[in-house]
>>> print(open('input17.pdb').read())   # PDB, C-alpha atoms
ATOM      1  CA  MET A   2      -8.962   3.409 -10.989
ATOM      2  CA  LEU A   3      -6.028   1.661 -12.570
ATOM      3  CA  LEU A   4      -5.099  -0.251  -9.423
ATOM      4  CA  SER A   5      -8.521  -1.898  -9.233
ATOM      5  CA  ARG A   6      -8.420  -3.287 -12.792
ATOM      6  CA  PRO A   7      -8.068  -7.101 -13.111
ATOM      7  CA  GLY A   8      -4.530  -8.152 -13.777
ATOM      8  CA  PHE A   9      -2.951  -4.852 -12.699
ATOM      9  CA  HIS A  10      -1.295  -6.268  -9.600
ATOM     10  CA  ALA A  11       0.157  -9.145 -11.601
ATOM     11  CA  SER A  12       1.536  -6.855 -14.279
ATOM     12  CA  TYR A  13       2.944  -4.398 -11.720
ATOM     13  CA  LEU A  14       4.541  -7.093  -9.589
ATOM     14  CA  GLY A  15       5.992  -8.664 -12.705
ATOM     15  CA  SER A  16       7.824  -5.427 -13.408
ATOM     16  CA  LEU A  17       9.497  -5.358  -9.979
ATOM     17  CA  PRO A  18      12.908  -6.862  -9.247
ATOM     18  CA  SER A  19      12.678 -10.420  -7.967
ATOM     19  CA  GLY A  20      14.187  -9.326  -4.644
ATOM     20  CA  ALA A  21      11.379  -6.831  -4.131
ATOM     21  CA  LEU A  22       8.829  -9.590  -4.707
ATOM     22  CA  GLN A  23      10.508 -11.751  -2.110
ATOM     23  CA  CYS A  24      10.563  -8.922   0.376
ATOM     24  CA  HIS A  25       6.944  -7.829   0.432
ATOM     25  CA  THR A  26       4.496  -9.586  -1.823
ATOM     26  CA  TYR A  27       4.034 -13.051  -0.375
ATOM     27  CA  PRO A  28       3.895 -13.013   3.447
ATOM     28  CA  ALA A  29       3.171 -16.750   3.554
ATOM     29  CA  GLN A  30       6.533 -17.462   1.971
ATOM     30  CA  LEU A  31       8.726 -15.332   4.176
ATOM     31  CA  GLY A  32      10.769 -18.325   5.261
ATOM     32  CA  SER A  33      11.671 -19.384   1.741
ATOM     33  CA  ALA A  34      12.262 -15.792   0.712
ATOM     34  CA  ALA A  35      14.678 -15.318   3.567
ATOM     35  CA  ALA A  36      16.504 -18.446   2.540
ATOM     36  CA  ARG A  37      16.810 -17.265  -1.030
ATOM     37  CA  GLY A  38      17.991 -13.862   0.170
ATOM     38  CA  LYS A  39      20.597 -15.230   2.567
ATOM     39  CA  GLY A  40      23.723 -13.139   2.614
ATOM     40  CA  ARG A  41      22.056  -9.890   1.569
ATOM     41  CA  PRO A  42      23.083  -6.735   3.439
ATOM     42  CA  ARG A  43      20.880  -5.816   6.363
ATOM     43  CA  GLY A  44      18.210  -3.345   5.257
ATOM     44  CA  HIS A  45      18.236  -4.615   1.624
ATOM     45  CA  CYS A  46      14.563  -5.571   1.736
ATOM     46  CA  HIS A  47      13.539  -2.338   3.441
ATOM     47  CA  ALA A  48      15.186  -0.284   0.702
ATOM     48  CA  GLU A  49      13.411  -2.241  -2.018
ATOM     49  CA  GLN A  50      10.106  -1.954  -0.161
ATOM     50  CA  ALA A  51      10.509   1.821   0.039
ATOM     51  CA  MET A  52      11.262   2.062  -3.692
ATOM     52  CA  ALA A  53       8.318  -0.180  -4.528
ATOM     53  CA  GLY A  54       6.034   1.993  -2.392
ATOM     54  CA  LYS A  55       7.123   5.091  -4.276
ATOM     55  CA  GLU A  56       6.496   3.334  -7.597
ATOM     56  CA  VAL A  57       2.954   2.519  -6.470
ATOM     57  CA  ALA A  58       2.349   6.179  -5.544
ATOM     58  CA  VAL A  59       3.575   7.279  -8.978
ATOM     59  CA  LEU A  60       1.277   4.759 -10.666
ATOM     60  CA  TRP A  61      -1.692   6.014  -8.642
ATOM     61  CA  LEU A  62      -1.048   9.550  -9.831
ATOM     62  CA  LEU A  63      -0.545   8.493 -13.422
ATOM     63  CA  ALA A  64      -3.855   6.647 -13.247
ATOM     64  CA  VAL A  65      -5.552   9.901 -12.208
ATOM     65  CA  LEU A  66      -3.683  12.169 -14.637
ATOM     66  CA  GLY A  67      -3.410   9.871 -17.628
ATOM     67  CA  TRP A  68      -0.333   8.650 -19.456
ATOM     68  CA  GLY A  69      -0.472  10.590 -22.712
ATOM     69  CA  PHE A  70      -1.251  14.178 -21.720
ATOM     70  CA  GLY A  71       0.331  16.483 -19.175
ATOM     71  CA  GLY A  72      -1.805  17.086 -16.119
ATOM     72  CA  ARG A  73      -1.708  19.759 -13.421
ATOM     73  CA  VAL A  74      -0.753  18.593  -9.924
ATOM     74  CA  LEU A  75      -1.198  20.667  -6.761
ATOM     75  CA  VAL A  76       0.988  19.530  -3.862
ATOM     76  CA  TRP A  77       0.432  19.953  -0.118
ATOM     77  CA  PRO A  78       3.740  18.822   1.429
ATOM     78  CA  ALA A  79       5.086  18.159   4.900
ATOM     79  CA  ASP A  80       8.412  19.588   6.036
ATOM     80  CA  ASN A  81      11.774  17.830   6.488
ATOM     81  CA  SER A  82      12.167  14.103   5.719
ATOM     82  CA  HIS A  83       8.624  13.648   4.398
ATOM     83  CA  TRP A  84       9.447  16.048   1.579
ATOM     84  CA  LEU A  85      12.308  13.791   0.428
ATOM     85  CA  ASN A  86       9.836  10.968  -0.161
ATOM     86  CA  MET A  87       7.419  13.263  -1.986
ATOM     87  CA  GLU A  88      10.128  14.893  -4.111
ATOM     88  CA  TYR A  89      10.977  11.563  -5.742
ATOM     89  CA  ILE A  90       7.352  11.180  -6.881
ATOM     90  CA  LEU A  91       7.115  14.768  -8.141
ATOM     91  CA  GLN A  92      10.316  14.512 -10.151
ATOM     92  CA  GLU A  93       8.946  11.442 -11.935
ATOM     93  CA  LEU A  94       5.716  13.292 -12.732
ATOM     94  CA  VAL A  95       7.654  16.213 -14.201
ATOM     95  CA  VAL A  96       9.707  13.835 -16.356
ATOM     96  CA  ARG A  97       6.436  12.436 -17.713
ATOM     97  CA  GLY A  98       5.247  15.898 -18.718
ATOM     98  CA  HIS A  99       3.020  16.900 -15.821
ATOM     99  CA  GLU A 100       3.012  20.390 -14.310
ATOM    100  CA  VAL A 101       3.631  20.410 -10.548
ATOM    101  CA  THR A 102       2.758  23.320  -8.242
ATOM    102  CA  VAL A 103       3.756  23.153  -4.575
ATOM    103  CA  LEU A 104       1.629  25.034  -2.035
ATOM    104  CA  LEU A 105       4.437  26.122   0.276
ATOM    105  CA  PRO A 106       3.990  27.673   3.751
ATOM    106  CA  SER A 107       6.613  30.388   4.276
ATOM    107  CA  CYS A 108       7.803  28.778   7.537
ATOM    108  CA  PHE A 109       8.894  25.477   5.976
ATOM    109  CA  LEU A 110      12.616  24.796   6.332
ATOM    110  CA  ILE A 111      13.600  22.201   3.742
ATOM    111  CA  LEU A 112      12.238  24.054   0.695
ATOM    112  CA  ASN A 113      13.420  27.334  -0.801
ATOM    113  CA  SER A 114      11.136  28.731  -3.488
ATOM    114  CA  THR A 115      13.862  31.113  -4.753
ATOM    115  CA  GLN A 116      16.216  28.323  -5.837
ATOM    116  CA  PRO A 117      16.002  26.730  -9.315
ATOM    117  CA  SER A 118      13.485  23.886  -9.295
ATOM    118  CA  PRO A 119      11.462  21.782 -11.752
ATOM    119  CA  PHE A 120       8.399  22.682  -9.668
ATOM    120  CA  GLN A 121       6.375  25.862  -9.422
ATOM    121  CA  PHE A 122       5.711  27.317  -5.984
ATOM    122  CA  GLU A 123       2.700  29.100  -4.535
ATOM    123  CA  VAL A 124       4.065  30.567  -1.306
ATOM    124  CA  VAL A 125       1.596  31.002   1.558
ATOM    125  CA  GLU A 126       2.673  33.662   4.028
ATOM    126  CA  VAL A 127       2.042  32.506   7.601
ATOM    127  CA  PRO A 128       2.594  34.267  10.976
ATOM    128  CA  ILE A 129       5.247  31.727  11.975
ATOM    129  CA  THR A 130       8.934  32.361  11.408
ATOM    130  CA  LYS A 131      11.411  29.775  10.176
ATOM    131  CA  LYS A 132      13.244  30.125  13.495
ATOM    132  CA  GLU A 133      10.092  29.285  15.454
ATOM    133  CA  MET A 134       9.448  26.301  13.196
ATOM    134  CA  ALA A 135      13.034  25.097  13.586
ATOM    135  CA  THR A 136      12.824  25.393  17.381
ATOM    136  CA  LEU A 137       9.638  23.307  17.500
ATOM    137  CA  LEU A 138      11.023  20.600  15.222
ATOM    138  CA  GLU A 139      14.318  20.450  17.115
ATOM    139  CA  GLU A 140      12.346  19.961  20.329
ATOM    140  CA  ALA A 141      10.394  17.108  18.757
ATOM    141  CA  PHE A 142      13.472  15.443  17.242
ATOM    142  CA  TYR A 143      15.420  15.675  20.497
ATOM    143  CA  PHE A 144      12.596  13.915  22.310
ATOM    144  CA  TRP A 145      12.277  11.092  19.757
ATOM    145  CA  PHE A 146      16.018  10.511  19.396
ATOM    146  CA  TYR A 147      17.237  10.938  22.971
ATOM    147  CA  GLN A 148      14.406  10.988  25.507
ATOM    148  CA  GLU A 149      11.558   8.758  24.330
ATOM    149  CA  ARG A 150      13.144   5.427  25.287
ATOM    150  CA  ALA A 151      14.728   6.730  28.475
ATOM    151  CA  LEU A 152      11.556   8.148  30.038
ATOM    152  CA  PRO A 153       8.950   6.069  31.910
ATOM    153  CA  VAL A 154       5.914   5.155  29.807
ATOM    154  CA  TRP A 155       3.600   7.659  31.495
ATOM    155  CA  ALA A 156       6.140  10.480  31.143
ATOM    156  CA  SER A 157       6.765   9.607  27.498
ATOM    157  CA  LEU A 158       3.037   9.644  26.696
ATOM    158  CA  TYR A 159       2.601  12.984  28.435
ATOM    159  CA  ARG A 160       5.490  14.442  26.443
ATOM    160  CA  ILE A 161       4.045  13.097  23.191
ATOM    161  CA  ALA A 162       0.721  14.730  24.022
ATOM    162  CA  GLN A 163       2.465  18.075  24.581
ATOM    163  CA  LEU A 164       4.304  17.872  21.258
ATOM    164  CA  VAL A 165       1.189  16.818  19.358
ATOM    165  CA  TYR A 166      -0.690  19.787  20.827
ATOM    166  CA  LYS A 167       2.037  22.219  19.732
ATOM    167  CA  LEU A 168       2.273  20.755  16.222
ATOM    168  CA  GLU A 169      -1.505  20.763  15.936
ATOM    169  CA  ASN A 170      -1.670  24.474  16.742
ATOM    170  CA  VAL A 171       0.980  25.240  14.117
ATOM    171  CA  THR A 172      -0.891  23.170  11.526
ATOM    172  CA  LYS A 173      -4.159  24.994  12.231
ATOM    173  CA  ILE A 174      -2.474  28.377  11.866
ATOM    174  CA  ILE A 175      -1.105  27.319   8.481
ATOM    175  CA  CYS A 176      -4.511  25.947   7.427
ATOM    176  CA  ASP A 177      -6.199  29.206   8.390
ATOM    177  CA  GLU A 178      -3.869  31.190   6.164
ATOM    178  CA  VAL A 179      -4.850  29.012   3.203
ATOM    179  CA  LEU A 180      -8.574  28.589   3.818
ATOM    180  CA  LYS A 181      -9.250  32.207   4.800
ATOM    181  CA  ASN A 182      -7.352  33.578   1.815
ATOM    182  CA  LYS A 183     -10.204  33.847  -0.691
ATOM    183  CA  ALA A 184      -7.953  35.322  -3.380
ATOM    184  CA  LEU A 185      -5.609  32.336  -3.101
ATOM    185  CA  LEU A 186      -8.454  29.807  -3.241
ATOM    186  CA  GLU A 187      -9.965  31.489  -6.299
ATOM    187  CA  ARG A 188      -6.574  31.510  -7.995
ATOM    188  CA  LEU A 189      -6.102  27.815  -7.270
ATOM    189  CA  LYS A 190      -9.595  26.991  -8.555
ATOM    190  CA  ALA A 191      -8.941  28.964 -11.728
ATOM    191  CA  SER A 192      -5.793  26.938 -12.319
ATOM    192  CA  THR A 193      -7.996  23.832 -12.836
ATOM    193  CA  PHE A 194      -5.715  21.325 -11.128
ATOM    194  CA  ASP A 195      -6.416  17.673 -11.885
ATOM    195  CA  VAL A 196      -5.372  16.245  -8.519
ATOM    196  CA  LEU A 197      -3.962  17.236  -5.124
ATOM    197  CA  LEU A 198      -1.044  15.212  -3.797
ATOM    198  CA  ALA A 199      -0.964  15.373   0.005
ATOM    199  CA  ASP A 200       1.253  14.099   2.776
ATOM    200  CA  PRO A 201      -1.001  12.649   5.522
ATOM    201  CA  LEU A 202       1.430  13.450   8.349
ATOM    202  CA  ALA A 203      -0.968  16.173   9.520
ATOM    203  CA  PRO A 204      -4.643  16.838   8.721
ATOM    204  CA  SER A 205      -5.715  19.369   6.056
ATOM    205  CA  GLY A 206      -4.698  17.960   2.663
ATOM    206  CA  GLU A 207      -8.072  16.307   2.087
ATOM    207  CA  LEU A 208      -9.757  19.477   3.363
ATOM    208  CA  PHE A 209      -8.050  21.634   0.715
ATOM    209  CA  ALA A 210      -8.990  19.131  -1.996
ATOM    210  CA  GLU A 211     -12.625  19.259  -0.875
ATOM    211  CA  LYS A 212     -12.658  23.051  -0.973
ATOM    212  CA  LEU A 213     -11.133  23.039  -4.470
ATOM    213  CA  GLY A 214     -13.374  20.249  -5.708
ATOM    214  CA  ILE A 215     -10.550  18.007  -6.944
ATOM    215  CA  PRO A 216      -9.506  14.410  -6.130
ATOM    216  CA  PHE A 217      -6.490  13.783  -3.947
ATOM    217  CA  VAL A 218      -3.896  11.086  -3.382
ATOM    218  CA  TYR A 219      -1.839  10.403  -0.235
ATOM    219  CA  THR A 220       1.891   9.875  -0.667
ATOM    220  CA  ILE A 221       2.078   7.288   2.127
ATOM    221  CA  ARG A 222      -0.201   5.217   4.328
ATOM    222  CA  PHE A 223       0.600   6.172   7.881
ATOM    223  CA  SER A 224      -1.305   7.192  10.989
ATOM    224  CA  VAL A 225      -0.553   7.137  14.723
ATOM    225  CA  GLY A 226      -0.598   3.473  15.718
ATOM    226  CA  ASN A 227      -1.772   2.664  12.181
ATOM    227  CA  THR A 228      -5.237   3.501  13.514
ATOM    228  CA  VAL A 229      -6.666   4.636  10.183
ATOM    229  CA  GLU A 230      -5.279   1.622   8.371
ATOM    230  CA  ARG A 231      -6.616  -0.807  11.000
ATOM    231  CA  LEU A 232     -10.016   0.690  11.801
ATOM    232  CA  CYS A 233     -10.871   2.224   8.427
ATOM    233  CA  GLY A 234      -8.909   0.144   5.932
ATOM    234  CA  MET A 235      -9.362  -3.127   7.859
ATOM    235  CA  LEU A 236      -5.616  -3.783   7.928
ATOM    236  CA  PRO A 237      -5.086  -7.118   9.745
ATOM    237  CA  ALA A 238      -3.135  -6.284  12.890
ATOM    238  CA  PRO A 239      -3.645  -8.799  15.719
ATOM    239  CA  PRO A 240      -1.724  -7.392  18.711
ATOM    240  CA  SER A 241      -0.295 -10.828  19.508
ATOM    241  CA  TYR A 242       1.786 -10.725  16.330
ATOM    242  CA  VAL A 243       1.853  -7.201  14.862
ATOM    243  CA  PRO A 244       3.877  -4.680  16.911
ATOM    244  CA  ALA A 245       2.305  -1.274  17.484
ATOM    245  CA  THR A 246       4.025   1.784  16.058
ATOM    246  CA  LEU A 247       6.626   3.211  18.474
ATOM    247  CA  SER A 248       6.389   0.151  20.740
ATOM    248  CA  HIS A 249       9.977  -0.951  19.858
ATOM    249  CA  LEU A 250       8.709  -4.543  19.641
ATOM    250  CA  THR A 251       9.116  -7.145  16.906
ATOM    251  CA  ASP A 252       6.762  -9.832  15.575
ATOM    252  CA  ARG A 253       8.270 -12.259  18.097
ATOM    253  CA  MET A 254       7.019 -11.297  21.544
ATOM    254  CA  SER A 255       6.933 -12.883  24.959
ATOM    255  CA  PHE A 256       3.715 -12.909  26.984
ATOM    256  CA  LEU A 257       4.624  -9.696  28.812
ATOM    257  CA  GLU A 258       5.629  -8.034  25.537
ATOM    258  CA  ARG A 259       2.255  -8.940  24.049
ATOM    259  CA  LEU A 260       0.541  -7.307  27.010
ATOM    260  CA  LYS A 261       2.689  -4.220  26.417
ATOM    261  CA  ASN A 262       1.717  -4.293  22.733
ATOM    262  CA  ILE A 263      -2.004  -4.434  23.529
ATOM    263  CA  PHE A 264      -1.530  -1.503  25.892
ATOM    264  CA  SER A 265       0.356   0.424  23.168
ATOM    265  CA  PHE A 266      -2.407  -0.127  20.620
ATOM    266  CA  THR A 267      -5.056   0.980  23.130
ATOM    267  CA  VAL A 268      -3.214   4.141  24.159
ATOM    268  CA  GLN A 269      -2.457   5.099  20.559
ATOM    269  CA  ASP A 270      -6.097   4.613  19.537
ATOM    270  CA  ILE A 271      -7.173   6.880  22.393
ATOM    271  CA  MET A 272      -4.572   9.464  21.376
ATOM    272  CA  TYR A 273      -5.710   9.291  17.765
ATOM    273  CA  HIS A 274      -9.433   9.695  18.457
ATOM    274  CA  TYR A 275      -9.348  12.228  21.265
ATOM    275  CA  LEU A 276      -6.033  14.063  21.067
ATOM    276  CA  VAL A 277      -5.127  14.170  17.379
ATOM    277  CA  TRP A 278      -8.583  14.294  15.802
ATOM    278  CA  GLY A 279     -10.822  15.468  18.630
ATOM    279  CA  SER A 280     -10.257  19.177  18.044
ATOM    280  CA  TRP A 281     -10.165  18.785  14.256
ATOM    281  CA  ASP A 282     -13.805  17.678  14.083
ATOM    282  CA  GLN A 283     -15.046  21.169  14.921
ATOM    283  CA  TYR A 284     -12.484  22.716  12.579
ATOM    284  CA  TYR A 285     -13.726  20.617   9.643
ATOM    285  CA  SER A 286     -17.332  21.509  10.472
ATOM    286  CA  ASP A 287     -16.499  25.225  10.584
ATOM    287  CA  VAL A 288     -14.858  25.028   7.158
ATOM    288  CA  LEU A 289     -17.245  22.673   5.359
ATOM    289  CA  GLY A 290     -20.492  23.430   7.214
ATOM    290  CA  LYS A 291     -22.372  21.913  10.139
ATOM    291  CA  ALA A 292     -23.569  18.953   8.073
ATOM    292  CA  ALA A 293     -20.020  17.928   7.201
ATOM    293  CA  LEU A 294     -18.580  14.620   8.255
ATOM    294  CA  THR A 295     -16.184  14.694  11.156
ATOM    295  CA  SER A 296     -12.534  14.769  10.220
ATOM    296  CA  ARG A 297     -11.898  11.150  11.239
ATOM    297  CA  ASN A 298     -14.995   9.922   9.355
ATOM    298  CA  TYR A 299     -13.870  11.845   6.297
ATOM    299  CA  ILE A 300     -10.484  10.102   6.433
ATOM    300  CA  CYS A 301     -12.135   6.708   6.947
ATOM    301  CA  CYS A 302     -14.388   7.244   3.931
ATOM    302  CA  THR A 303     -11.320   8.160   1.914
ATOM    303  CA  HIS A 304      -9.555   4.918   2.837
ATOM    304  CA  LYS A 305     -12.625   2.829   2.069
ATOM    305  CA  SER A 306     -13.150   4.544  -1.293
ATOM    306  CA  LYS A 307      -9.604   3.553  -2.264
ATOM    307  CA  TYR A 308     -10.416  -0.078  -1.388
ATOM    308  CA  PRO A 309     -14.076  -0.726  -2.392
ATOM    309  CA  GLU A 310     -13.839  -4.385  -1.411
ATOM    310  CA  LEU A 311     -13.325  -3.291   2.225
ATOM    311  CA  ARG A 312     -16.517  -1.264   2.520
ATOM    312  CA  GLY A 313     -18.926  -2.447   5.176
TER     313      GLY A 313
END
>>> encode(input="input17.pdb", output="structure tokens")
Amino acid sequence: MLLSRPGFHASYLGSLPSGALQCHTYPAQLGSAAARGKGRPRGHCHAEQAMAGKEVAVLWLLAVLGWGFGGRVLVWPADNSHWLNMEYILQELVVRGHEVTVLLPSCFLILNSTQPSPFQFEVVEVPITKKEMATLLEEAFYFWFYQERALPVWASLYRIAQLVYKLENVTKIICDEVLKNKALLERLKASTFDVLLADPLAPSGELFAEKLGIPFVYTIRFSVGNTVERLCGMLPAPPSYVPATLSHLTDRMSFLERLKNIFSFTVQDIMYHYLVWGSWDQYYSDVLGKAALTSRNYICCTHKSKYPELRG
């Protein structure tokens, strides 16, 4: 792959704005970078990091599809804000001459296949209405924005478990409508797509790619508690210094805050292995066969294949 070629990182980083380099490329020089960036608006570095991340995703796809000839991209999106991140990447691919087809569940809210678009849409009819989807998402957003910090830890975790269970059931219903639709799968195979671009917010993107026999690329690197990145990709994350996702902590913690951080990592790992992925293992086996890897092992293999130097 292009990203593993010698000199690629140097050439890519050389093309970034100097501010972006200061923000995220040299952790050991954060102090000097902060000094050089004194006076910048708050959030400046985060914005440049986000743009740089999108550029990396585009380069990954171009490495798969090639630079000189138009390729065919199949897209498995997530609804709401995650689509905004993915849309930026897809627009760049279209500009470069690639053909983009979005596999769109009929219950998704942010996309409308009837409006003019540079993308093609393959609408998947699902037994979930837009109103039902909106109600579920509003429930989740209300919890994260207004209730999560106000509730006791045990009550917050219980509420998260309830929401994850509901979202998981919706995701499985949508997956069933794709995987059990033989006519749709045959049509997608006949289209000879070069790559599947998937949002990893929920399982299934890698499953569709496996069924279609095509490679796939994630749009972002994110999992609950960064569990995949830590346990599969060997991301350095000592709990004494790296705050757990959703812990509301920073990299400067007191002793009690570090204890809270260790607890957060532990709980999120348990949630990831037993709540999020536990029921998906059987689902993957039913789709791919009894000899298939479990869902979490499949994801881990995917992360390690992207970073060969991290394989055990």
>>> atom_distance(input="input17.pdb", atom1="atom CA of A:Ala135", atom2="atom CA of A:Val277")
21.5 Å
>>> resolve_selection(input="input17.pdb", expression="the PyMOL selection byres ((chain A and resi 242) around 12)", output="mmCIF file with C-alpha atoms, in the frame of the given file")
data_model
loop_
_atom_site.group_PDB
_atom_site.id
_atom_site.type_symbol
_atom_site.label_atom_id
_atom_site.label_comp_id
_atom_site.auth_asym_id
_atom_site.auth_seq_id
_atom_site.Cartn_x
_atom_site.Cartn_y
_atom_site.Cartn_z
ATOM 1 C CA PRO A 237 -5.086 -7.118 9.745
ATOM 2 C CA ALA A 238 -3.135 -6.284 12.890
ATOM 3 C CA PRO A 239 -3.645 -8.799 15.719
ATOM 4 C CA PRO A 240 -1.724 -7.392 18.711
ATOM 5 C CA SER A 241 -0.295 -10.828 19.508
ATOM 6 C CA VAL A 243 1.853 -7.201 14.862
ATOM 7 C CA PRO A 244 3.877 -4.680 16.911
ATOM 8 C CA ALA A 245 2.305 -1.274 17.484
ATOM 9 C CA LEU A 250 8.709 -4.543 19.641
ATOM 10 C CA THR A 251 9.116 -7.145 16.906
ATOM 11 C CA ASP A 252 6.762 -9.832 15.575
ATOM 12 C CA ARG A 253 8.270 -12.259 18.097
ATOM 13 C CA MET A 254 7.019 -11.297 21.544
ATOM 14 C CA SER A 255 6.933 -12.883 24.959
ATOM 15 C CA PHE A 256 3.715 -12.909 26.984
ATOM 16 C CA GLU A 258 5.629 -8.034 25.537
ATOM 17 C CA ARG A 259 2.255 -8.940 24.049
ATOM 18 C CA LEU A 260 0.541 -7.307 27.010
ATOM 19 C CA ASN A 262 1.717 -4.293 22.733
ATOM 20 C CA ILE A 263 -2.004 -4.434 23.529
#
>>> resolve_selection(input="input17.pdb", expression="the PyMOL selection byres ((chain A and resi 178-182) around 8)", output="CSV table (one decimal) with C-alpha atoms, keeping the file's coordinate frame")
chain,number,residue,atom,x,y,z
A,125,VAL,CA,1.6,31.0,1.6
A,126,GLU,CA,2.7,33.7,4.0
A,127,VAL,CA,2.0,32.5,7.6
A,174,ILE,CA,-2.5,28.4,11.9
A,175,ILE,CA,-1.1,27.3,8.5
A,176,CYS,CA,-4.5,25.9,7.4
A,177,ASP,CA,-6.2,29.2,8.4
A,183,LYS,CA,-10.2,33.8,-0.7
A,184,ALA,CA,-8.0,35.3,-3.4
A,185,LEU,CA,-5.6,32.3,-3.1
A,186,LEU,CA,-8.5,29.8,-3.2
A,209,PHE,CA,-8.0,21.6,0.7
A,288,VAL,CA,-14.9,25.0,7.2
>>> residues_near_point(input="input17.pdb", point="(-9.3, 22.9, -5.7)", cutoff="8 Å", atoms="all atoms listed in the file", output="VMD selection string")
chain A and resid 186 189 to 190 193 to 194 197 209 to 215
>>> resolve_selection(input="input17.pdb", expression="the PyMOL selection byres ((chain A and resi 96) around 12)", output="list in words")
Val59, Leu63, Trp68, Gly71, Gly72, Tyr89, Ile90, Leu91, Gln92, Glu93, Leu94, Val95, Arg97, Gly98, His99, Glu100, Val101, Pro119 and Phe120 of chain A
